[in-house]
file work-v3.csv (CSV, C-alpha atoms)
chain,number,residue,atom,x,y,z
F,1038,MET,CA,58.6,73.7,131.0
F,1039,PHE,CA,61.6,72.2,129.4
F,1040,ALA,CA,61.5,69.3,131.8
F,1041,LYS,CA,57.9,68.4,130.8
F,1042,LEU,CA,58.8,68.0,127.1
F,1043,PRO,CA,59.2,64.5,125.7
F,1044,ARG,CA,62.7,63.1,125.7
F,1045,SER,CA,62.7,62.9,121.9
F,1046,ALA,CA,61.9,66.6,121.5
F,1047,LYS,CA,64.7,67.9,123.8
F,1048,PRO,CA,67.6,67.5,121.3
F,1049,GLY,CA,65.7,69.4,118.6
F,1050,LEU,CA,64.8,72.2,120.9
F,1051,PHE,CA,68.4,72.5,122.1
F,1052,ALA,CA,69.7,72.7,118.5
F,1053,LEU,CA,67.1,75.4,117.8
F,1054,LEU,CA,68.3,77.5,120.7
F,1055,VAL,CA,71.9,77.1,119.7
F,1056,ALA,CA,71.1,78.2,116.1
F,1057,ILE,CA,69.2,81.2,117.4
F,1058,CYS,CA,72.2,82.2,119.5
F,1059,LEU,CA,74.7,81.8,116.6
F,1060,GLN,CA,72.4,83.8,114.3
F,1061,GLY,CA,72.3,86.6,116.8
F,1062,HIS,CA,76.1,86.6,117.2
F,1063,ALA,CA,76.5,86.7,113.4
F,1064,GLU,CA,74.1,89.6,113.1
F,1065,SER,CA,76.1,91.5,115.7
F,1066,ALA,CA,79.3,90.9,113.8
F,1067,ASN,CA,77.6,92.1,110.6
F,1068,ASN,CA,76.4,95.2,112.3
F,1069,VAL,CA,79.8,96.0,113.7
F,1070,TYR,CA,81.6,95.6,110.4
F,1071,ALA,CA,79.0,97.6,108.5
F,1072,GLN,CA,79.2,100.4,111.1
F,1073,VAL,CA,83.0,100.9,111.5
F,1074,SER,CA,84.7,99.3,108.5
F,1075,ARG,CA,84.6,102.5,106.5
F,1076,SER,CA,86.6,104.1,109.3
F,1077,VAL,CA,89.4,101.6,109.1
F,1078,GLY,CA,92.2,101.9,106.5
F,1079,ILE,CA,95.2,100.0,105.3
F,1080,VAL,CA,98.6,101.7,105.8
F,1081,LEU,CA,101.1,101.3,102.9
F,1082,VAL,CA,104.7,102.1,103.9
F,1083,SER,CA,107.4,102.7,101.3
F,1084,THR,CA,110.8,104.2,100.9
F,1085,PHE,CA,111.6,107.6,99.3
F,1086,GLU,CA,112.1,105.7,96.0
F,1087,GLY,CA,108.6,104.2,96.2
F,1088,GLN,CA,109.5,100.7,97.2
F,1089,LEU,CA,106.8,99.1,99.3
F,1090,VAL,CA,108.4,97.8,102.5
F,1091,GLY,CA,105.5,97.3,104.9
F,1092,SER,CA,101.8,97.5,105.6
F,1093,GLY,CA,99.5,97.8,108.6
F,1094,SER,CA,96.2,99.1,109.6
F,1095,ALA,CA,94.8,102.4,111.0
F,1096,VAL,CA,91.6,103.7,112.6
F,1097,THR,CA,90.0,107.1,112.0
F,1098,VAL,CA,89.9,108.9,115.4
F,1099,GLY,CA,89.4,112.5,114.3
F,1100,PRO,CA,89.0,114.9,111.3
F,1101,GLN,CA,91.6,113.9,108.8
F,1102,THR,CA,93.4,111.9,111.6
F,1103,MET,CA,94.0,108.2,112.0
F,1104,VAL,CA,95.9,106.2,114.6
F,1105,THR,CA,98.2,103.2,114.1
F,1106,ASN,CA,101.1,101.5,115.8
F,1107,HIS,CA,104.4,103.3,115.7
F,1108,HIS,CA,106.3,100.2,114.6
F,1109,VAL,CA,104.1,100.1,111.5
F,1110,LEU,CA,105.7,103.3,110.2
F,1111,LEU,CA,109.3,102.5,111.1
F,1112,PRO,CA,110.5,100.5,107.9
F,1113,GLY,CA,109.9,103.5,105.5
F,1114,HIS,CA,109.5,107.2,105.1
F,1115,ARG,CA,106.5,107.6,102.8
F,1116,TYR,CA,103.0,106.7,104.0
F,1117,GLN,CA,99.7,106.2,102.1
F,1118,ILE,CA,96.3,105.1,103.3
F,1119,TYR,CA,94.1,102.7,101.2
F,1120,MET,CA,90.4,103.2,101.9
F,1121,GLY,CA,87.4,102.5,99.7
F,1122,GLY,CA,89.4,101.8,96.6
F,1123,SER,CA,91.4,105.1,96.9
F,1124,ILE,CA,95.0,105.7,97.9
F,1125,LEU,CA,95.5,108.9,100.1
F,1126,ASP,CA,98.8,110.5,101.0
F,1127,ALA,CA,99.5,110.7,104.7
F,1128,ASP,CA,102.1,112.1,107.1
F,1129,ALA,CA,103.2,110.9,110.5
F,1130,GLY,CA,102.0,113.1,113.4
F,1131,ILE,CA,102.3,112.9,117.1
F,1132,CYS,CA,103.9,109.7,118.2
F,1133,ASP,CA,104.4,107.9,121.5
F,1134,ASN,CA,107.3,105.6,121.1
F,1135,THR,CA,106.9,104.2,124.6
F,1136,GLN,CA,103.3,103.1,124.1
F,1137,ASP,CA,103.9,102.3,120.4
F,1138,LEU,CA,101.2,104.6,119.1
F,1139,CYS,CA,101.3,107.3,116.4
F,1140,LEU,CA,98.8,109.6,114.8
F,1141,VAL,CA,98.7,109.9,111.0
F,1142,SER,CA,97.5,113.0,109.3
F,1143,VAL,CA,95.5,112.3,106.1
F,1144,PRO,CA,94.5,115.7,104.5
F,1145,LYS,CA,91.9,114.2,102.1
F,1146,LEU,CA,90.4,111.7,104.5
F,1147,GLU,CA,86.6,111.9,104.6
F,1148,ALA,CA,85.8,109.0,106.9
F,1149,ARG,CA,83.9,109.4,110.1
F,1150,ALA,CA,85.8,109.1,113.4
F,1151,VAL,CA,84.9,106.0,115.5
F,1152,GLU,CA,83.4,106.3,118.9
F,1153,PHE,CA,85.7,105.6,121.9
F,1154,ALA,CA,84.7,103.2,124.6
F,1155,ASP,CA,86.0,103.3,128.1
F,1156,ALA,CA,88.5,100.4,128.3
F,1157,ASP,CA,88.5,100.4,132.1
F,1158,LYS,CA,84.8,99.3,132.1
F,1159,PHE,CA,85.4,96.1,130.2
F,1160,SER,CA,86.0,92.7,131.8
F,1161,VAL,CA,87.0,89.2,130.9
F,1162,GLY,CA,84.4,87.5,128.8
F,1163,ASP,CA,83.1,90.6,126.9
F,1164,ALA,CA,82.7,90.0,123.1
F,1165,VAL,CA,85.1,92.0,120.8
F,1166,TYR,CA,85.7,92.2,117.1
F,1167,ALA,CA,89.0,92.9,115.4
F,1168,ILE,CA,89.1,94.7,112.1
F,1169,GLY,CA,92.3,95.1,110.2
F,1170,ALA,CA,94.4,94.1,107.1
F,1171,PRO,CA,96.5,91.0,108.0
F,1172,ASN,CA,99.3,90.2,105.6
F,1173,GLU,CA,98.3,92.6,102.9
F,1174,ILE,CA,102.0,93.3,102.1
F,1175,GLY,CA,102.3,89.6,101.1
F,1176,ASN,CA,99.2,90.0,99.0
F,1177,ILE,CA,100.5,93.0,97.1
F,1178,VAL,CA,104.1,92.0,96.4
F,1179,GLY,CA,103.8,88.2,97.1
F,1180,VAL,CA,104.9,85.6,94.7
F,1181,SER,CA,103.0,82.3,94.2
F,1182,GLN,CA,105.1,79.4,95.2
F,1183,ALA,CA,103.4,77.2,92.7
F,1184,THR,CA,103.7,79.3,89.6
F,1185,ARG,CA,106.5,81.6,90.6
F,1186,GLN,CA,104.4,84.5,89.2
F,1187,LYS,CA,103.4,87.7,91.0
F,1188,SER,CA,99.9,87.6,92.3
F,1189,TYR,CA,97.9,90.6,93.3
F,1190,SER,CA,94.4,91.4,94.4
F,1191,PRO,CA,93.1,94.7,95.8
F,1192,PRO,CA,93.8,95.1,99.6
F,1193,GLN,CA,90.9,94.4,101.8
F,1194,LEU,CA,90.0,94.4,105.5
F,1195,SER,CA,89.3,91.3,107.6
F,1196,LEU,CA,87.0,90.7,110.5
F,1197,SER,CA,87.5,88.3,113.4
F,1198,ASN,CA,85.5,87.9,116.5
F,1199,GLY,CA,86.4,86.6,120.0
F,1200,LEU,CA,86.3,87.5,123.7
F,1201,ILE,CA,88.4,89.5,126.1
F,1202,THR,CA,90.4,86.6,127.6
F,1203,ALA,CA,92.5,88.6,130.1
F,1204,LEU,CA,93.4,92.1,131.2
F,1205,ARG,CA,97.1,92.2,131.9
F,1206,PRO,CA,98.3,95.0,134.2
F,1207,VAL,CA,101.3,97.0,133.1
F,1208,GLU,CA,102.9,100.1,134.5
F,1209,ASP,CA,100.3,102.6,133.4
F,1210,GLY,CA,97.2,100.6,132.4
F,1211,LYS,CA,96.0,97.2,131.3
F,1212,ILE,CA,96.9,95.4,128.0
F,1213,ILE,CA,93.8,93.7,126.5
F,1214,GLN,CA,94.3,90.0,125.7
F,1215,THR,CA,91.8,88.5,123.2
F,1216,ASN,CA,91.4,85.3,121.2
F,1217,ALA,CA,90.1,87.4,118.2
F,1218,ALA,CA,92.6,86.4,115.5
F,1219,ILE,CA,95.2,88.9,114.3
F,1220,SER,CA,98.3,88.4,112.1
F,1221,PRO,CA,101.2,90.6,110.9
F,1222,GLY,CA,99.5,93.5,109.2
F,1223,SER,CA,96.7,93.7,111.7
F,1224,SER,CA,98.9,96.1,113.8
F,1225,GLY,CA,97.2,99.4,114.2
F,1226,GLY,CA,93.7,98.0,113.5
F,1227,GLY,CA,90.7,98.4,115.8
F,1228,LEU,CA,89.3,96.1,118.5
F,1229,PHE,CA,85.6,97.0,118.8
F,1230,ASP,CA,82.8,96.1,121.2
F,1231,SER,CA,79.4,94.8,120.0
F,1232,SER,CA,78.2,98.5,119.7
F,1233,GLY,CA,81.0,99.4,117.3
F,1234,ARG,CA,82.9,101.5,119.9
F,1235,LEU,CA,86.7,101.3,119.8
F,1236,VAL,CA,88.1,99.3,122.7
F,1237,GLY,CA,91.8,99.1,121.7
F,1238,ILE,CA,94.4,99.0,119.0
F,1239,THR,CA,95.5,95.5,117.9
F,1240,THR,CA,99.3,95.5,118.3
F,1241,PHE,CA,101.0,92.1,118.6
F,1242,ALA,CA,100.5,88.4,119.3
F,1243,MET,CA,102.6,86.0,121.4
F,1244,ARG,CA,104.0,83.1,119.5
F,1245,SER,CA,104.4,81.1,122.7
F,1246,GLY,CA,100.7,80.0,122.6
F,1247,GLN,CA,97.5,80.2,120.6
F,1248,GLY,CA,94.9,83.0,120.9
F,1249,LEU,CA,97.4,85.2,122.9
F,1250,ASN,CA,96.6,88.4,120.9
F,1251,MET,CA,97.2,91.8,122.5
F,1252,ALA,CA,95.6,95.2,122.0
F,1253,LEU,CA,96.5,98.6,123.5
F,1254,PRO,CA,93.6,100.2,125.4
F,1255,VAL,CA,91.8,103.0,123.7
F,1256,ASN,CA,92.5,105.2,126.8
F,1257,TRP,CA,96.1,105.4,125.6
F,1258,VAL,CA,95.0,106.7,122.2
F,1259,ALA,CA,93.1,109.5,124.0
F,1260,ARG,CA,96.4,110.6,125.6
F,1261,LEU,CA,97.6,111.7,122.1
F,1262,GLY,CA,94.9,114.4,122.1
F,1263,VAL,CA,92.1,112.8,120.1
F,1264,THR,CA,88.7,111.9,121.4
F,1265,GLY,CA,87.0,110.0,118.5
F,1266,SER,CA,83.4,110.7,117.6
F,1267,PRO,CA,81.1,112.1,120.3
F,1268,ARG,CA,79.4,109.4,122.3
F,1269,THR,CA,75.8,108.9,121.6
F,1270,THR,CA,75.0,109.0,125.3
F,1271,ASP,CA,76.4,112.5,125.7
F,1272,THR,CA,73.9,115.3,125.9
F,1273,THR,CA,76.2,117.4,123.7
F,1274,ALA,CA,75.6,115.0,120.8
F,1275,GLN,CA,71.8,115.6,121.0
F,1276,THR,CA,71.9,119.4,121.5
F,1277,PRO,CA,71.6,121.4,118.3
F,1278,MET,CA,74.2,124.0,117.5
F,1279,PRO,CA,73.2,127.5,118.6
F,1280,ALA,CA,71.6,129.7,116.0
F,1281,PRO,CA,73.6,132.8,114.7
F,1282,MET,CA,70.9,135.0,116.3
F,1283,ALA,CA,72.2,134.0,119.7
F,1284,VAL,CA,75.5,135.5,118.9
F,1285,GLU,CA,74.1,138.7,117.6
F,1286,ARG,CA,72.1,139.2,120.8
F,1287,MET,CA,75.1,139.2,122.9
F,1288,ALA,CA,76.2,142.6,124.3
F,1289,PRO,CA,79.2,144.0,122.4
F,1290,PRO,CA,82.5,144.4,124.3
F,1291,PRO,CA,83.2,147.8,125.9
F,1292,THR,CA,85.8,148.6,123.3
F,1293,VAL,CA,83.3,148.7,120.5
F,1294,ALA,CA,80.3,150.2,122.5
F,1295,GLU,CA,78.9,153.6,121.5
F,1296,PRO,CA,79.0,155.8,124.6
F,1297,GLU,CA,78.0,159.0,122.8
F,1298,PRO,CA,74.2,159.4,122.2
F,1299,MET,CA,74.9,162.0,119.5
F,1300,THR,CA,76.2,159.3,117.2
F,1301,ARG,CA,72.8,157.7,117.2
F,1302,GLU,CA,71.1,161.1,116.5
F,1303,THR,CA,73.4,161.6,113.5
F,1304,GLU,CA,72.5,158.1,112.3
F,1305,VAL,CA,68.8,158.7,112.6
F,1306,LYS,CA,68.8,162.2,111.2
F,1307,PRO,CA,71.8,162.5,108.8
F,1308,THR,CA,72.7,165.7,107.2
F,1309,PRO,CA,71.3,165.8,103.6
F,1310,ALA,CA,74.1,165.2,101.1
F,1311,THR,CA,75.1,168.2,99.0
F,1312,PRO,CA,76.8,167.6,95.6
F,1313,SER,CA,79.1,170.6,96.1
F,1314,ALA,CA,80.3,169.4,99.5
F,1315,PRO,CA,82.4,166.3,99.2
F,1316,GLN,CA,82.9,166.1,103.0
F,1317,ASP,CA,79.2,165.2,103.4
F,1318,LYS,CA,79.9,161.8,101.9
F,1319,THR,CA,81.2,160.6,105.3
F,1320,GLY,CA,77.6,160.5,106.5
F,1321,ALA,CA,77.5,160.5,110.3
F,1322,TRP,CA,81.0,162.0,110.5
F,1323,SER,CA,80.1,165.1,108.5
F,1324,GLY,CA,79.8,167.1,111.7
F,1325,GLY,CA,83.4,166.5,112.6
F,1326,VAL,CA,85.4,163.8,114.4
F,1327,PRO,CA,84.2,163.2,118.0
F,1328,SER,CA,86.6,164.2,120.6
F,1329,TYR,CA,87.1,160.8,122.2
F,1330,VAL,CA,88.6,159.5,118.9
F,1331,TRP,CA,91.7,161.7,119.4
F,1332,ILE,CA,92.3,159.9,122.7
F,1333,ALA,CA,91.3,156.4,121.7
F,1334,VAL,CA,93.5,156.2,118.5
F,1335,PRO,CA,96.8,157.0,120.2
F,1336,ILE,CA,96.0,154.5,123.0
F,1337,MET,CA,95.2,151.8,120.5
F,1338,LEU,CA,98.5,152.5,118.6
F,1339,LEU,CA,100.4,152.3,121.8
F,1340,LEU,CA,98.8,148.9,122.7
F,1341,ILE,CA,99.6,147.5,119.3
F,1342,TRP,CA,103.2,148.6,119.6
F,1343,LEU,CA,103.5,147.0,123.1
F,1344,MET,CA,101.9,143.7,121.8
F,1345,ARG,CA,104.3,143.5,118.9
F,1346,GLY,CA,107.3,144.0,121.2
F,1347,ARG,CA,105.9,141.2,123.5
F,1348,ARG,CA,105.5,138.9,120.6
F,1349,LYS,CA,109.0,139.5,119.5
F,1350,ASP,CA,110.3,138.7,123.0
F,1351,ASP,CA,108.3,135.5,122.9
F,1352,TYR,CA,109.7,134.6,119.5
F,1353,ASP,CA,113.2,135.2,120.7
F,1354,ASP,CA,112.6,132.9,123.7
F,1355,ALA,CA,111.3,130.3,121.3
F,1356,VAL,CA,114.3,130.5,119.1
F,1357,ASP,CA,116.6,130.1,122.0
F,1358,PHE,CA,114.8,127.0,123.2
F,1359,VAL,CA,116.9,123.9,122.9
F,1360,PRO,CA,114.8,120.7,122.2
F,1361,ALA,CA,115.1,117.9,124.7
F,1362,GLY,CA,117.1,114.8,123.8
F,1363,PRO,CA,115.8,111.3,123.2
F,1364,PRO,CA,113.5,109.7,125.8
F,1365,PRO,CA,115.4,108.1,128.7
F,1366,ALA,CA,114.0,104.7,127.9
F,1367,LEU,CA,115.4,104.9,124.4
F,1368,GLN,CA,118.9,106.1,125.2
F,1369,PRO,CA,120.5,102.7,126.2
F,1370,PHE,CA,119.2,101.2,123.0
F,1371,MET,CA,120.7,104.0,121.0
F,1372,SER,CA,124.0,103.4,122.7
F,1373,ALA,CA,123.7,99.7,121.8
F,1374,ALA,CA,122.9,100.6,118.1
F,1375,GLU,CA,126.0,102.9,118.0
F,1376,LYS,CA,128.1,100.1,119.4
F,1377,GLU,CA,126.9,97.8,116.7
F,1378,LEU,CA,128.1,100.3,114.1
F,1379,ASP,CA,131.4,100.9,115.9
F,1380,GLN,CA,132.0,97.1,116.0
F,1381,ASN,CA,131.0,96.8,112.3
F,1382,SER,CA,128.2,94.3,113.2
F,1383,PRO,CA,125.0,96.1,112.3
F,1384,ASP,CA,121.7,94.6,111.3
F,1385,LEU,CA,122.4,94.2,107.6
F,1386,ASN,CA,118.8,94.4,106.4
F,1387,LEU,CA,118.2,97.7,108.2
F,1388,TRP,CA,121.7,99.1,107.3
F,1389,ASN,CA,121.2,98.4,103.6
F,1390,LEU,CA,117.7,100.0,103.9
F,1391,VAL,CA,119.0,103.2,105.5
F,1392,ILE,CA,121.9,103.4,103.0
F,1393,ALA,CA,119.5,103.3,100.1
F,1394,ASP,CA,117.1,105.8,101.8
F,1395,CYS,CA,120.0,108.3,102.5
F,1396,LYS,CA,121.5,107.9,99.1
F,1397,GLY,CA,124.9,107.1,100.4
F,1398,ASN,CA,125.1,109.9,102.9
F,1399,MET,CA,126.9,108.0,105.7
F,1400,ASP,CA,126.3,110.6,108.5
F,1401,ALA,CA,122.5,110.6,107.7
F,1402,ALA,CA,122.5,106.9,107.4
F,1403,ARG,CA,124.2,106.4,110.7
F,1404,ARG,CA,121.7,108.7,112.5
F,1405,SER,CA,118.8,107.0,110.8
F,1406,TYR,CA,120.1,103.5,111.7
F,1407,VAL,CA,120.6,104.4,115.4
F,1408,GLU,CA,117.1,105.8,115.6
F,1409,ARG,CA,115.4,102.9,113.9
F,1410,ARG,CA,117.5,100.2,115.5
F,1411,ALA,CA,116.9,101.7,119.0
F,1412,ALA,CA,113.2,101.7,118.4
F,1413,ARG,CA,113.2,98.1,117.3
F,1414,LEU,CA,115.3,97.0,120.3
F,1415,LEU,CA,113.0,98.9,122.6
F,1416,SER,CA,109.9,97.2,121.0
F,1417,GLU,CA,111.6,93.8,121.3
F,1418,GLU,CA,112.4,94.4,124.9
F,1419,LYS,CA,108.8,95.3,125.6
F,1420,ASP,CA,107.6,92.1,123.9
F,1421,ARG,CA,109.9,90.1,126.1
F,1422,GLN,CA,108.7,91.9,129.2
F,1423,TRP,CA,105.0,91.4,128.3
F,1424,ALA,CA,105.7,87.7,127.4
F,1425,ALA,CA,107.4,87.2,130.8
F,1426,ALA,CA,104.5,88.8,132.6
F,1427,ALA,CA,102.0,86.6,130.7
F,1428,ARG,CA,103.9,83.4,131.6
F,1429,GLN,CA,104.1,84.5,135.2
F,1430,SER,CA,100.4,85.2,135.4
F,1431,GLN,CA,99.6,81.8,133.9
F,1432,THR,CA,101.9,80.0,136.5
F,1433,PRO,CA,99.6,78.4,139.1
call {"tool": "encode", "arguments": {"input": "work-v3.csv", "output": "structure tokens"}}
result
Amino acid sequence: MFAKLPRSAKPGLFALLVAICLQGHAESANNVYAQVSRSVGIVLVSTFEGQLVGSGSAVTVGPQTMVTNHHVLLPGHRYQIYMGGSILDADAGICDNTQDLCLVSVPKLEARAVEFADADKFSVGDAVYAIGAPNEIGNIVGVSQATRQKSYSPPQLSLSNGLITALRPVEDGKIIQTNAAISPGSSGGGLFDSSGRLVGITTFAMRSGQGLNMALPVNWVARLGVTGSPRTTDTTAQTPMPAPMAVERMAPPPTVAEPEPMTRETEVKPTPATPSAPQDKTGAWSGGVPSYVWIAVPIMLLLIWLMRGRRKDDYDDAVDFVPAGPPPALQPFMSAAEKELDQNSPDLNLWNLVIADCKGNMDAARRSYVERRAARLLSEEKDRQWAAAARQSQTP
């Protein structure tokens, strides 16, 4: 049909088809942002004294629970989440230093958890959308170069779209490469598919090229013990909760059953109450205590005593437990950080920061420096390894 059209009409028809495709793509981006933007927040990182030292992004993955990159939380000790014009206090939860992921507990969070996709089912060329807060730390505490005056506007999220341009295999999965734009501050944000499902966590970009932006697969987030919102394709999401009557119809356990038929008789035909007989106020027990009670009560007391003794033994075992040391992958970098201190050549910015945070306590400052410096060295080493792997995969 297209071949039968006049030559002069073909350019106009082609332009119309392109416009329709672009409009459909824009509508998809609008739908994704409207669906999940309320579940993405901005992480504000500050010191104990309240000095803002960093910012990043986070995604809601459970009730009062968000996920972000571990390196987002490293510069400070106090964390807050900015969402919907409100600032919520937050605490660091379960962290995976090796995979650079960390859960954040936000007690007053009311946002809905996003739905998880299966990152293993995506392929190169699939459309994705990155939502995060790039460079909001510069917006909040930035200084205009032209006027030398502080400028400030409320933090806000940004949306960028692109494609999955590569799936780079690593030791325990595949890093997602995308040309959806990300910048410092986007770390911890979400990479979503066209249905608004979480595909990965935007983490870093390679400076050696353009459009080499990386996201950690959502399957790694699930390893932290969160599952996101129930998938719409699951039958459990469409099945109503059981009514309370279903619980009441269940047969009671043997320990609370009524084996004696005389108890039911006394409940149906109770002895009339007599004002002069106070013992009749016990109702069904006015005829005396059943014989089986004298056997059941001592047995129950004995079981309670045994359980308390067992719990005490378990508690003693827990007290004697000695926590494991740092992860093996982190130990050489901790040794390198200690060597820097011994040779009086630490990273001055980090050292001054930990001295201020620890209020001059040198022992605490030394421990804090070693932990933070080792984490940074490990992160830098991972960046070098991923960059080398990327260059090697691009070599013909």
call {"tool": "closest_residue", "arguments": {"input": "work-v3.csv", "among": "F:Gly1199, F:Gly1087, F:Gly1210, F:Gly1237", "to": "Ser1224 (chain F)", "atoms": "all atoms listed in the file"}}
result
F:Gly1237
call {"tool": "residues_around", "arguments": {"input": "work-v3.csv", "residues": "Gly1233 (chain F)", "least_positions_apart": "2", "cutoff": "7 Å", "atoms": "all atoms listed in the file", "output": "VMD selection string"}}
result
chain F and resid 1069 1072 to 1073 1229 to 1231 1235
call {"tool": "closest_residue", "arguments": {"input": "work-v3.csv", "among": "F:Gly1093, F:Asp1133, F:Val1391, F:Ser1223", "to": "Pro1364 (chain F)", "atoms": "only C-alpha atoms"}}
result
F:Asp1133
call {"tool": "closest_atom_pairs", "arguments": {"input": "work-v3.csv", "of": "region 1097-1173 of chain F", "to": "region 1403-1412 of chain F", "cutoff": "12 Å", "atoms": "only C-alpha atoms", "output": "Markdown table"}}
result
| residue | atom | partner | partner_atom | distance |
| --- | --- | --- | --- | --- |
| F:His1107 | CA | F:Ala1412 | CA | 9.3 |
| F:His1108 | CA | F:Ala1412 | CA | 8.0 |
| F:Val1109 | CA | F:Ala1412 | CA | 11.5 |
| F:Leu1110 | CA | F:Arg1409 | CA | 10.4 |
| F:Leu1111 | CA | F:Arg1409 | CA | 6.7 |
| F:Pro1112 | CA | F:Arg1409 | CA | 8.1 |
| F:Gly1113 | CA | F:Arg1409 | CA | 10.1 |
| F:His1114 | CA | F:Ser1405 | CA | 10.9 |
| F:Asp1133 | CA | F:Ala1412 | CA | 11.2 |
| F:Asn1134 | CA | F:Ala1412 | CA | 7.6 |
| F:Thr1135 | CA | F:Ala1412 | CA | 9.2 |
| F:Gln1136 | CA | F:Ala1412 | CA | 11.5 |
| F:Asp1137 | CA | F:Ala1412 | CA | 9.5 |
call {"tool": "atom_distance", "arguments": {"input": "work-v3.csv", "atom1": "CA of Ile1392 (chain F)", "atom2": "CA of Val1090 (chain F)"}}
result
14.6 Å
call {"tool": "closest_residue", "arguments": {"input": "work-v3.csv", "among": "F:Ile1238, F:Ile1219, F:Val1080, F:Met1243", "to": "Gln1422 (chain F)", "atoms": "only C-alpha atoms"}}
result
F:Met1243
